[in-house]
$ cat model_0.tsv   # TSV, N, CA and C atoms
chain	number	residue	atom	x	y	z
S	284	MET	N	143.94	229.91	277.01
S	284	MET	CA	145.26	229.99	277.61
S	284	MET	C	146.07	231.06	276.90
S	285	SER	N	146.68	231.87	277.67
S	285	SER	CA	147.53	232.90	277.07
S	285	SER	C	148.97	232.38	277.00
S	286	LYS	N	149.63	232.79	275.94
S	286	LYS	CA	151.02	232.37	275.74
S	286	LYS	C	151.94	233.39	276.38
S	287	ALA	N	153.00	232.89	276.97
S	287	ALA	CA	154.01	233.80	277.51
S	287	ALA	C	154.80	234.37	276.34
S	288	PRO	N	155.15	235.65	276.40
S	288	PRO	CA	155.92	236.23	275.30
S	288	PRO	C	157.30	235.58	275.21
S	289	GLU	N	157.72	235.36	273.97
S	289	GLU	CA	159.04	234.76	273.76
S	289	GLU	C	160.12	235.80	273.95
S	290	VAL	N	161.17	235.42	274.62
S	290	VAL	CA	162.28	236.32	274.87
S	290	VAL	C	163.32	236.11	273.78
S	291	SER	N	163.68	237.19	273.11
S	291	SER	CA	164.70	237.09	272.06
S	291	SER	C	166.08	237.15	272.70
S	292	ARG	N	166.82	236.08	272.58
S	292	ARG	CA	168.15	236.02	273.18
S	292	ARG	C	169.26	236.19	272.16
S	293	GLY	N	168.93	236.36	270.93
S	293	GLY	CA	169.94	236.50	269.90
S	293	GLY	C	170.42	235.13	269.44
S	294	PRO	N	171.31	235.11	268.46
S	294	PRO	CA	171.79	233.83	267.94
S	294	PRO	C	172.63	233.09	268.98
S	295	VAL	N	172.51	231.78	268.98
S	295	VAL	CA	173.27	230.97	269.93
S	295	VAL	C	174.72	230.83	269.47
S	296	VAL	N	174.92	230.65	268.16
S	296	VAL	CA	176.27	230.51	267.62
S	296	VAL	C	176.68	231.87	267.05
S	297	THR	N	177.68	232.46	267.70
S	297	THR	CA	178.20	233.74	267.25
S	297	THR	C	179.69	233.58	266.97
S	298	PRO	N	180.31	234.52	266.26
S	298	PRO	CA	181.75	234.42	266.01
S	298	PRO	C	182.57	234.35	267.30
S	299	VAL	N	182.15	235.08	268.33
S	299	VAL	CA	182.88	235.04	269.60
S	299	VAL	C	182.81	233.65	270.21
S	300	ARG	N	181.66	233.04	270.15
S	300	ARG	CA	181.51	231.70	270.72
S	300	ARG	C	182.27	230.66	269.91
S	301	VAL	N	182.42	230.86	268.63
S	301	VAL	CA	183.23	229.96	267.81
S	301	VAL	C	184.69	230.07	268.23
S	302	VAL	N	185.16	231.29	268.47
S	302	VAL	CA	186.55	231.49	268.93
S	302	VAL	C	186.74	230.84	270.29
S	303	ILE	N	185.77	230.98	271.18
S	303	ILE	CA	185.84	230.35	272.50
S	303	ILE	C	185.96	228.83	272.35
S	304	ALA	N	185.14	228.25	271.49
S	304	ALA	CA	185.18	226.81	271.28
S	304	ALA	C	186.54	226.38	270.73
S	305	LEU	N	187.08	227.13	269.78
S	305	LEU	CA	188.39	226.79	269.23
S	305	LEU	C	189.48	226.88	270.28
S	306	CYS	N	189.40	227.88	271.15
S	306	CYS	CA	190.39	228.00	272.23
S	306	CYS	C	190.34	226.80	273.16
S	307	LEU	N	189.16	226.26	273.40
S	307	LEU	CA	189.02	225.14	274.32
S	307	LEU	C	189.29	223.79	273.66
S	308	ILE	N	189.07	223.69	272.36
S	308	ILE	CA	189.27	222.42	271.65
S	308	ILE	C	190.72	222.22	271.21
S	309	ALA	N	191.42	223.31	270.90
S	309	ALA	CA	192.79	223.21	270.37
S	309	ALA	C	193.73	222.36	271.23
S	310	PRO	N	193.76	222.53	272.56
S	310	PRO	CA	194.65	221.68	273.36
S	310	PRO	C	194.32	220.19	273.27
S	311	PHE	N	193.04	219.86	273.20
S	311	PHE	CA	192.66	218.45	273.08
S	311	PHE	C	193.15	217.86	271.77
S	312	VAL	N	192.96	218.59	270.70
S	312	VAL	CA	193.40	218.12	269.39
S	312	VAL	C	194.92	217.96	269.38
S	313	ALA	N	195.62	218.94	269.92
S	313	ALA	CA	197.08	218.90	269.93
S	313	ALA	C	197.61	217.70	270.72
S	314	MET	N	196.97	217.39	271.84
S	314	MET	CA	197.46	216.29	272.67
S	314	MET	C	196.99	214.93	272.18
S	315	LEU	N	195.84	214.87	271.53
S	315	LEU	CA	195.35	213.58	271.04
S	315	LEU	C	196.01	213.16	269.74
S	316	TRP	N	196.60	214.09	269.02
S	316	TRP	CA	197.29	213.78	267.77
S	316	TRP	C	198.74	213.42	268.10
S	317	VAL	N	198.94	212.27	268.71
S	317	VAL	CA	200.24	211.84	269.23
S	317	VAL	C	201.28	211.70	268.13
S	318	GLY	N	200.88	211.29	266.95
S	318	GLY	CA	201.83	211.11	265.85
S	318	GLY	C	202.58	212.38	265.50
S	319	SER	N	202.01	213.54	265.83
S	319	SER	CA	202.67	214.80	265.49
S	319	SER	C	203.84	215.12	266.43
S	320	TYR	N	203.86	214.53	267.61
S	320	TYR	CA	204.93	214.86	268.55
S	320	TYR	C	205.63	213.63	269.16
S	321	ALA	N	205.37	212.44	268.64
S	321	ALA	CA	205.99	211.23	269.15
S	321	ALA	C	207.38	211.05	268.54
S	322	LYS	N	208.29	211.93	268.91
S	322	LYS	CA	209.67	211.88	268.41
S	322	LYS	C	210.59	212.53	269.45
S	323	THR	N	211.87	212.33	269.29
S	323	THR	CA	212.81	212.88	270.25
S	323	THR	C	213.47	214.17	269.78
S	324	ASP	N	213.54	214.38	268.47
S	324	ASP	CA	214.18	215.60	267.95
S	324	ASP	C	213.13	216.56	267.45
S	325	PRO	N	213.31	217.84	267.61
S	325	PRO	CA	214.46	218.55	268.13
S	325	PRO	C	214.41	218.62	269.66
S	326	ALA	N	215.55	218.45	270.26
S	326	ALA	CA	215.66	218.55	271.71
S	326	ALA	C	215.83	220.01	272.09
S	327	PHE	N	215.32	220.37	273.26
S	327	PHE	CA	215.43	221.73	273.78
S	327	PHE	C	216.07	221.65	275.16
S	328	LEU	N	217.27	222.19	275.28
S	328	LEU	CA	218.04	222.12	276.53
S	328	LEU	C	218.22	220.68	277.00
S	329	GLY	N	218.41	219.78	276.06
S	329	GLY	CA	218.61	218.37	276.37
S	329	GLY	C	217.32	217.60	276.64
S	330	ILE	N	216.17	218.28	276.56
S	330	ILE	CA	214.88	217.63	276.81
S	330	ILE	C	214.30	217.19	275.47
S	331	PRO	N	213.97	215.90	275.31
S	331	PRO	CA	213.40	215.43	274.04
S	331	PRO	C	212.11	216.17	273.69
S	332	PHE	N	211.86	216.29	272.40
S	332	PHE	CA	210.70	217.01	271.88
S	332	PHE	C	209.41	216.53	272.52
S	333	PHE	N	209.26	215.22	272.67
S	333	PHE	CA	208.04	214.63	273.23
S	333	PHE	C	207.66	215.29	274.55
S	334	TYR	N	208.63	215.53	275.41
S	334	TYR	CA	208.35	216.09	276.73
S	334	TYR	C	208.16	217.60	276.72
S	335	TRP	N	209.04	218.34	276.03
S	335	TRP	CA	208.89	219.79	276.09
S	335	TRP	C	207.67	220.27	275.30
S	336	TYR	N	207.28	219.52	274.28
S	336	TYR	CA	206.07	219.86	273.53
S	336	TYR	C	204.85	219.78	274.46
S	337	GLN	N	204.77	218.71	275.24
S	337	GLN	CA	203.64	218.56	276.17
S	337	GLN	C	203.65	219.63	277.26
S	338	MET	N	204.83	219.95	277.76
S	338	MET	CA	204.93	221.00	278.79
S	338	MET	C	204.58	222.37	278.21
S	339	ALA	N	204.95	222.60	276.96
S	339	ALA	CA	204.58	223.86	276.32
S	339	ALA	C	203.06	223.96	276.21
S	340	TRP	N	202.40	222.85	275.93
S	340	TRP	CA	200.95	222.88	275.81
S	340	TRP	C	200.26	223.11	277.15
S	341	VAL	N	200.92	222.81	278.25
S	341	VAL	CA	200.35	223.16	279.55
S	341	VAL	C	200.21	224.67	279.65
S	342	LEU	N	201.26	225.39	279.27
S	342	LEU	CA	201.22	226.85	279.30
S	342	LEU	C	200.26	227.42	278.25
S	343	ILE	N	200.31	226.86	277.05
S	343	ILE	CA	199.42	227.32	275.98
S	343	ILE	C	197.96	227.09	276.36
S	344	SER	N	197.67	225.93	276.95
S	344	SER	CA	196.30	225.62	277.36
S	344	SER	C	195.80	226.59	278.43
S	345	THR	N	196.68	226.94	279.35
S	345	THR	CA	196.33	227.90	280.38
S	345	THR	C	195.97	229.25	279.76
S	346	ALA	N	196.80	229.69	278.82
S	346	ALA	CA	196.54	230.97	278.15
S	346	ALA	C	195.25	230.92	277.35
S	347	LEU	N	195.02	229.84	276.61
S	347	LEU	CA	193.81	229.73	275.80
S	347	LEU	C	192.54	229.65	276.66
S	348	THR	N	192.63	228.96	277.80
S	348	THR	CA	191.49	228.89	278.71
S	348	THR	C	191.19	230.26	279.31
S	349	GLY	N	192.24	231.01	279.65
S	349	GLY	CA	192.04	232.37	280.16
S	349	GLY	C	191.41	233.28	279.12
S	350	ILE	N	191.87	233.17	277.88
S	350	ILE	CA	191.28	233.96	276.79
S	350	ILE	C	189.82	233.59	276.60
S	351	ALA	N	189.52	232.29	276.60
S	351	ALA	CA	188.14	231.84	276.43
S	351	ALA	C	187.26	232.37	277.56
S	352	TYR	N	187.77	232.37	278.77
S	352	TYR	CA	187.00	232.87	279.91
S	352	TYR	C	186.71	234.36	279.76
S	353	GLN	N	187.72	235.13	279.38
S	353	GLN	CA	187.53	236.57	279.20
S	353	GLN	C	186.52	236.85	278.10
S	354	LEU	N	186.61	236.12	277.00
S	354	LEU	CA	185.65	236.29	275.90
S	354	LEU	C	184.24	235.92	276.35
S	355	TRP	N	184.11	234.87	277.12
S	355	TRP	CA	182.80	234.44	277.61
S	355	TRP	C	182.19	235.50	278.52
S	356	GLN	N	183.00	236.05	279.42
S	356	GLN	CA	182.50	237.10	280.31
S	356	GLN	C	182.05	238.32	279.51
S	357	ARG	N	182.84	238.72	278.51
S	357	ARG	CA	182.49	239.85	277.67
S	357	ARG	C	181.19	239.58	276.91
S	358	ASP	N	181.04	238.35	276.42
S	358	ASP	CA	179.83	237.97	275.68
S	358	ASP	C	178.61	238.01	276.60
S	359	ARG	N	178.76	237.51	277.81
S	359	ARG	CA	177.64	237.53	278.77
S	359	ARG	C	177.25	238.96	279.12
S	360	ARG	N	178.24	239.82	279.35
S	360	ARG	CA	177.92	241.22	279.67
S	360	ARG	C	177.21	241.90	278.50
S	361	ALA	N	177.68	241.64	277.28
S	361	ALA	CA	177.07	242.24	276.10
S	361	ALA	C	175.64	241.75	275.93
S	362	ARG	N	175.40	240.47	276.16
S	362	ARG	CA	174.05	239.93	276.01
S	362	ARG	C	173.12	240.48	277.08
S	363	SER	N	173.60	240.58	278.32
S	363	SER	CA	172.73	241.09	279.38
S	363	SER	C	172.45	242.58	279.18
S	364	ALA	N	173.42	243.34	278.67
S	364	ALA	CA	173.20	244.76	278.38
S	364	ALA	C	172.21	244.91	277.22
S	365	HIS	N	172.32	244.00	276.25
S	365	HIS	CA	171.41	244.05	275.10
S	365	HIS	C	169.98	243.72	275.51
S	366	GLN	N	169.82	242.89	276.53
S	366	GLN	CA	168.49	242.50	276.99
S	366	GLN	C	167.95	243.48	278.01
S	367	GLY	N	168.66	244.56	278.24
S	367	GLY	CA	168.18	245.56	279.19
S	367	GLY	C	168.51	245.23	280.63
S	368	GLY	N	169.56	244.43	280.83
S	368	GLY	CA	170.00	244.11	282.18
S	368	GLY	C	169.14	243.06	282.86
S	369	ALA	N	168.32	242.37	282.09
S	369	ALA	CA	167.47	241.32	282.66
S	369	ALA	C	168.32	240.13	283.09
S	370	SER	N	167.87	239.40	284.03
S	370	SER	CA	168.47	238.20	284.62
S	370	SER	C	169.97	238.03	284.43
S	371	GLU	N	170.67	238.01	285.50
S	371	GLU	CA	172.14	237.82	285.49
S	371	GLU	C	172.47	236.69	286.41
$ encode --input "model_0.tsv" --output "structure tokens"
Amino acid sequence: MSKAPEVSRGPVVTPVRVVIALCLIAPFVAMLWVGSYAKTDPAFLGIPFFYWYQMAWVLISTALTGIAYQLWQRDRRARSAHQGGASE
């Protein structure tokens, strides 16, 4: 039996992928750590901290997810170019 040649795909964990993971995990950590924002002060435009903090994380999460997506696309393009344009 002949063995199929192994395809070198490079390391699975790279610095870019670590940044992607941090961008996607940060909102979960921020929202699950309720003790950090379960208070009313400081109020912003009369809105208690508890509410505006969560609304701010909606925007922050959107930005972080967009950044993670862009980094992922760049990583995929770099890997496919490195492999000689094989399988996309």
$ closest_residue --input "model_0.tsv" --among "S:Arg300, S:Thr323, S:Ala339, S:Ala313" --to "S:Trp355" --atoms "only N, CA and C atoms"
S:Arg300
$ closest_residue --input "model_0.tsv" --among "S:Leu347, S:Leu328, S:Ala321, S:Met338" --to "S:Leu305" --atoms "all atoms listed in the file"
S:Leu347
$ select_by_dssp --input "model_0.tsv" --residues "chain S" --states "alpha helix (DSSP H)" --output "VMD selection string"
chain S and resid 298 to 315 332 to 365
$ write_last_selection --input "model_0.tsv" --atoms "N, CA and C atoms" --output "short mmCIF file (atom, residue, chain, number, x, y, z; two decimals), keeping the file's coordinate frame"
data_model
loop_
_atom_site.label_atom_id
_atom_site.label_comp_id
_atom_site.auth_asym_id
_atom_site.auth_seq_id
_atom_site.Cartn_x
_atom_site.Cartn_y
_atom_site.Cartn_z
N PRO S 298 180.31 234.52 266.26
CA PRO S 298 181.75 234.42 266.01
C PRO S 298 182.57 234.35 267.30
N VAL S 299 182.15 235.08 268.33
CA VAL S 299 182.88 235.04 269.60
C VAL S 299 182.81 233.65 270.21
N ARG S 300 181.66 233.04 270.15
CA ARG S 300 181.51 231.70 270.72
C ARG S 300 182.27 230.66 269.91
N VAL S 301 182.42 230.86 268.63
CA VAL S 301 183.23 229.96 267.81
C VAL S 301 184.69 230.07 268.23
N VAL S 302 185.16 231.29 268.47
CA VAL S 302 186.55 231.49 268.93
C VAL S 302 186.74 230.84 270.29
N ILE S 303 185.77 230.98 271.18
CA ILE S 303 185.84 230.35 272.50
C ILE S 303 185.96 228.83 272.35
N ALA S 304 185.14 228.25 271.49
CA ALA S 304 185.18 226.81 271.28
C ALA S 304 186.54 226.38 270.73
N LEU S 305 187.08 227.13 269.78
CA LEU S 305 188.39 226.79 269.23
C LEU S 305 189.48 226.88 270.28
N CYS S 306 189.40 227.88 271.15
CA CYS S 306 190.39 228.00 272.23
C CYS S 306 190.34 226.80 273.16
N LEU S 307 189.16 226.26 273.40
CA LEU S 307 189.02 225.14 274.32
C LEU S 307 189.29 223.79 273.66
N ILE S 308 189.07 223.69 272.36
CA ILE S 308 189.27 222.42 271.65
C ILE S 308 190.72 222.22 271.21
N ALA S 309 191.42 223.31 270.90
CA ALA S 309 192.79 223.21 270.37
C ALA S 309 193.73 222.36 271.23
N PRO S 310 193.76 222.53 272.56
CA PRO S 310 194.65 221.68 273.36
C PRO S 310 194.32 220.19 273.27
N PHE S 311 193.04 219.86 273.20
CA PHE S 311 192.66 218.45 273.08
C PHE S 311 193.15 217.86 271.77
N VAL S 312 192.96 218.59 270.70
CA VAL S 312 193.40 218.12 269.39
C VAL S 312 194.92 217.96 269.38
N ALA S 313 195.62 218.94 269.92
CA ALA S 313 197.08 218.90 269.93
C ALA S 313 197.61 217.70 270.72
N MET S 314 196.97 217.39 271.84
CA MET S 314 197.46 216.29 272.67
C MET S 314 196.99 214.93 272.18
N LEU S 315 195.84 214.87 271.53
CA LEU S 315 195.35 213.58 271.04
C LEU S 315 196.01 213.16 269.74
N PHE S 332 211.86 216.29 272.40
CA PHE S 332 210.70 217.01 271.88
C PHE S 332 209.41 216.53 272.52
N PHE S 333 209.26 215.22 272.67
CA PHE S 333 208.04 214.63 273.23
C PHE S 333 207.66 215.29 274.55
N TYR S 334 208.63 215.53 275.41
CA TYR S 334 208.35 216.09 276.73
C TYR S 334 208.16 217.60 276.72
N TRP S 335 209.04 218.34 276.03
CA TRP S 335 208.89 219.79 276.09
C TRP S 335 207.67 220.27 275.30
N TYR S 336 207.28 219.52 274.28
CA TYR S 336 206.07 219.86 273.53
C TYR S 336 204.85 219.78 274.46
N GLN S 337 204.77 218.71 275.24
CA GLN S 337 203.64 218.56 276.17
C GLN S 337 203.65 219.63 277.26
N MET S 338 204.83 219.95 277.76
CA MET S 338 204.93 221.00 278.79
C MET S 338 204.58 222.37 278.21
N ALA S 339 204.95 222.60 276.96
CA ALA S 339 204.58 223.86 276.32
C ALA S 339 203.06 223.96 276.21
N TRP S 340 202.40 222.85 275.93
CA TRP S 340 200.95 222.88 275.81
C TRP S 340 200.26 223.11 277.15
N VAL S 341 200.92 222.81 278.25
CA VAL S 341 200.35 223.16 279.55
C VAL S 341 200.21 224.67 279.65
N LEU S 342 201.26 225.39 279.27
CA LEU S 342 201.22 226.85 279.30
C LEU S 342 200.26 227.42 278.25
N ILE S 343 200.31 226.86 277.05
CA ILE S 343 199.42 227.32 275.98
C ILE S 343 197.96 227.09 276.36
N SER S 344 197.67 225.93 276.95
CA SER S 344 196.30 225.62 277.36
C SER S 344 195.80 226.59 278.43
N THR S 345 196.68 226.94 279.35
CA THR S 345 196.33 227.90 280.38
C THR S 345 195.97 229.25 279.76
N ALA S 346 196.80 229.69 278.82
CA ALA S 346 196.54 230.97 278.15
C ALA S 346 195.25 230.92 277.35
N LEU S 347 195.02 229.84 276.61
CA LEU S 347 193.81 229.73 275.80
C LEU S 347 192.54 229.65 276.66
N THR S 348 192.63 228.96 277.80
CA THR S 348 191.49 228.89 278.71
C THR S 348 191.19 230.26 279.31
N GLY S 349 192.24 231.01 279.65
CA GLY S 349 192.04 232.37 280.16
C GLY S 349 191.41 233.28 279.12
N ILE S 350 191.87 233.17 277.88
CA ILE S 350 191.28 233.96 276.79
C ILE S 350 189.82 233.59 276.60
N ALA S 351 189.52 232.29 276.60
CA ALA S 351 188.14 231.84 276.43
C ALA S 351 187.26 232.37 277.56
N TYR S 352 187.77 232.37 278.77
CA TYR S 352 187.00 232.87 279.91
C TYR S 352 186.71 234.36 279.76
N GLN S 353 187.72 235.13 279.38
CA GLN S 353 187.53 236.57 279.20
C GLN S 353 186.52 236.85 278.10
N LEU S 354 186.61 236.12 277.00
CA LEU S 354 185.65 236.29 275.90
C LEU S 354 184.24 235.92 276.35
N TRP S 355 184.11 234.87 277.12
CA TRP S 355 182.80 234.44 277.61
C TRP S 355 182.19 235.50 278.52
N GLN S 356 183.00 236.05 279.42
CA GLN S 356 182.50 237.10 280.31
C GLN S 356 182.05 238.32 279.51
N ARG S 357 182.84 238.72 278.51
CA ARG S 357 182.49 239.85 277.67
C ARG S 357 181.19 239.58 276.91
N ASP S 358 181.04 238.35 276.42
CA ASP S 358 179.83 237.97 275.68
C ASP S 358 178.61 238.01 276.60
N ARG S 359 178.76 237.51 277.81
CA ARG S 359 177.64 237.53 278.77
C ARG S 359 177.25 238.96 279.12
N ARG S 360 178.24 239.82 279.35
CA ARG S 360 177.92 241.22 279.67
C ARG S 360 177.21 241.90 278.50
N ALA S 361 177.68 241.64 277.28
CA ALA S 361 177.07 242.24 276.10
C ALA S 361 175.64 241.75 275.93
N ARG S 362 175.40 240.47 276.16
CA ARG S 362 174.05 239.93 276.01
C ARG S 362 173.12 240.48 277.08
N SER S 363 173.60 240.58 278.32
CA SER S 363 172.73 241.09 279.38
C SER S 363 172.45 242.58 279.18
N ALA S 364 173.42 243.34 278.67
CA ALA S 364 173.20 244.76 278.38
C ALA S 364 172.21 244.91 277.22
N HIS S 365 172.32 244.00 276.25
CA HIS S 365 171.41 244.05 275.10
C HIS S 365 169.98 243.72 275.51
#
$ atom_distance --input "model_0.tsv" --atom1 "atom C of S:Arg362" --atom2 "atom CA of S:Thr348"
21.8 Å
$ atom_distance --input "model_0.tsv" --atom1 "atom N of S:Phe333" --atom2 "atom CA of S:Ile308"
21.3 Å
$ atom_distance --input "model_0.tsv" --atom1 "atom N of S:Pro298" --atom2 "atom CA of S:Trp316"
26.8 Å
$ closest_residue --input "model_0.tsv" --among "S:Val295, S:Leu315, S:Ala326, S:Leu307" --to "S:Ala351" --atoms "only C-alpha atoms"
S:Leu307
$ closest_residue --input "model_0.tsv" --among "S:Leu342, S:Leu354, S:Val312, S:Val317" --to "S:Val299" --atoms "all atoms listed in the file"
S:Leu354
$ closest_residue --input "model_0.tsv" --among "S:Tyr352, S:Phe332, S:Trp340, S:Phe327" --to "S:Met314" --atoms "all atoms listed in the file"
S:Trp340
$ axis_aligned_box --input "model_0.tsv" --around "stretch 344-355 of chain S" --padding-each-side "3 Å" --output "AutoDock Vina command-line options"
--center_x 189.9 --center_y 231.2 --center_z 278.1 --size_x 21.5 --size_y 17.2 --size_z 10.6
$ decode --input "model_0.tsv" --residues "stretch 305-363 of chain S" --atoms "C-alpha atoms" --output "PDB file, in the first residue's frame"
ATOM      1  CA  LEU S 305      -9.456  36.930  22.079  1.00  0.00           C
ATOM      2  CA  CYS S 306     -11.691  39.173  19.965  1.00  0.00           C
ATOM      3  CA  LEU S 307     -14.455  36.567  20.092  1.00  0.00           C
ATOM      4  CA  ILE S 308     -14.054  35.603  23.759  1.00  0.00           C
ATOM      5  CA  ALA S 309     -13.774  39.124  25.236  1.00  0.00           C
ATOM      6  CA  PRO S 310     -17.515  39.970  24.948  1.00  0.00           C
ATOM      7  CA  PHE S 311     -18.490  36.713  26.661  1.00  0.00           C
ATOM      8  CA  VAL S 312     -16.124  37.329  29.545  1.00  0.00           C
ATOM      9  CA  ALA S 313     -17.282  40.933  29.897  1.00  0.00           C
ATOM     10  CA  MET S 314     -20.956  39.967  30.001  1.00  0.00           C
ATOM     11  CA  LEU S 315     -20.578  36.893  32.202  1.00  0.00           C
ATOM     12  CA  TRP S 316     -18.622  38.803  34.854  1.00  0.00           C
ATOM     13  CA  VAL S 317     -21.783  40.459  36.203  1.00  0.00           C
ATOM     14  CA  GLY S 318     -20.152  41.636  39.435  1.00  0.00           C
ATOM     15  CA  SER S 319     -18.062  44.108  37.446  1.00  0.00           C
ATOM     16  CA  TYR S 320     -21.075  46.041  36.166  1.00  0.00           C
ATOM     17  CA  ALA S 321     -23.935  45.272  38.595  1.00  0.00           C
ATOM     18  CA  LYS S 322     -24.196  48.851  39.865  1.00  0.00           C
ATOM     19  CA  THR S 323     -26.039  52.043  39.036  1.00  0.00           C
ATOM     20  CA  ASP S 324     -23.197  54.585  39.154  1.00  0.00           C
ATOM     21  CA  PRO S 325     -21.752  56.200  37.115  1.00  0.00           C
ATOM     22  CA  ALA S 326     -24.855  57.153  35.190  1.00  0.00           C
ATOM     23  CA  PHE S 327     -24.541  58.364  31.599  1.00  0.00           C
ATOM     24  CA  LEU S 328     -27.244  60.770  30.408  1.00  0.00           C
ATOM     25  CA  GLY S 329     -29.436  59.531  33.255  1.00  0.00           C
ATOM     26  CA  ILE S 330     -28.981  55.878  32.228  1.00  0.00           C
ATOM     27  CA  PRO S 331     -27.656  53.631  35.031  1.00  0.00           C
ATOM     28  CA  PHE S 332     -24.248  52.044  34.459  1.00  0.00           C
ATOM     29  CA  PHE S 333     -25.752  48.545  34.307  1.00  0.00           C
ATOM     30  CA  TYR S 334     -27.682  49.391  31.135  1.00  0.00           C
ATOM     31  CA  TRP S 335     -25.266  51.602  29.219  1.00  0.00           C
ATOM     32  CA  TYR S 336     -22.376  49.219  29.892  1.00  0.00           C
ATOM     33  CA  GLN S 337     -24.320  46.383  28.244  1.00  0.00           C
ATOM     34  CA  MET S 338     -25.346  48.578  25.312  1.00  0.00           C
ATOM     35  CA  ALA S 339     -21.737  49.674  24.861  1.00  0.00           C
ATOM     36  CA  TRP S 340     -20.734  46.020  24.641  1.00  0.00           C
ATOM     37  CA  VAL S 341     -23.210  45.504  21.813  1.00  0.00           C
ATOM     38  CA  LEU S 342     -21.207  48.005  19.754  1.00  0.00           C
ATOM     39  CA  ILE S 343     -17.845  46.732  21.009  1.00  0.00           C
ATOM     40  CA  SER S 344     -18.844  43.132  20.209  1.00  0.00           C
ATOM     41  CA  THR S 345     -19.845  44.130  16.697  1.00  0.00           C
ATOM     42  CA  ALA S 346     -16.484  45.816  16.142  1.00  0.00           C
ATOM     43  CA  LEU S 347     -14.527  42.888  17.604  1.00  0.00           C
ATOM     44  CA  THR S 348     -16.450  40.358  15.501  1.00  0.00           C
ATOM     45  CA  GLY S 349     -15.748  42.423  12.374  1.00  0.00           C
ATOM     46  CA  ILE S 350     -12.057  42.594  13.236  1.00  0.00           C
ATOM     47  CA  ALA S 351     -11.964  38.834  13.861  1.00  0.00           C
ATOM     48  CA  TYR S 352     -13.649  38.205  10.508  1.00  0.00           C
ATOM     49  CA  GLN S 353     -11.187  40.413   8.633  1.00  0.00           C
ATOM     50  CA  LEU S 354      -8.233  38.722  10.344  1.00  0.00           C
ATOM     51  CA  TRP S 355      -9.651  35.282   9.540  1.00  0.00           C
ATOM     52  CA  GLN S 356     -10.091  36.175   5.867  1.00  0.00           C
ATOM     53  CA  ARG S 357      -6.527  37.528   5.713  1.00  0.00           C
ATOM     54  CA  ASP S 358      -5.226  34.357   7.398  1.00  0.00           C
ATOM     55  CA  ARG S 359      -7.103  32.128   4.950  1.00  0.00           C
ATOM     56  CA  ARG S 360      -5.785  34.061   1.946  1.00  0.00           C
ATOM     57  CA  ALA S 361      -2.227  33.889   3.294  1.00  0.00           C
ATOM     58  CA  ARG S 362      -2.484  30.146   3.918  1.00  0.00           C
ATOM     59  CA  SER S 363      -3.955  29.413   0.486  1.00  0.00           C
TER      60      SER S 363
END
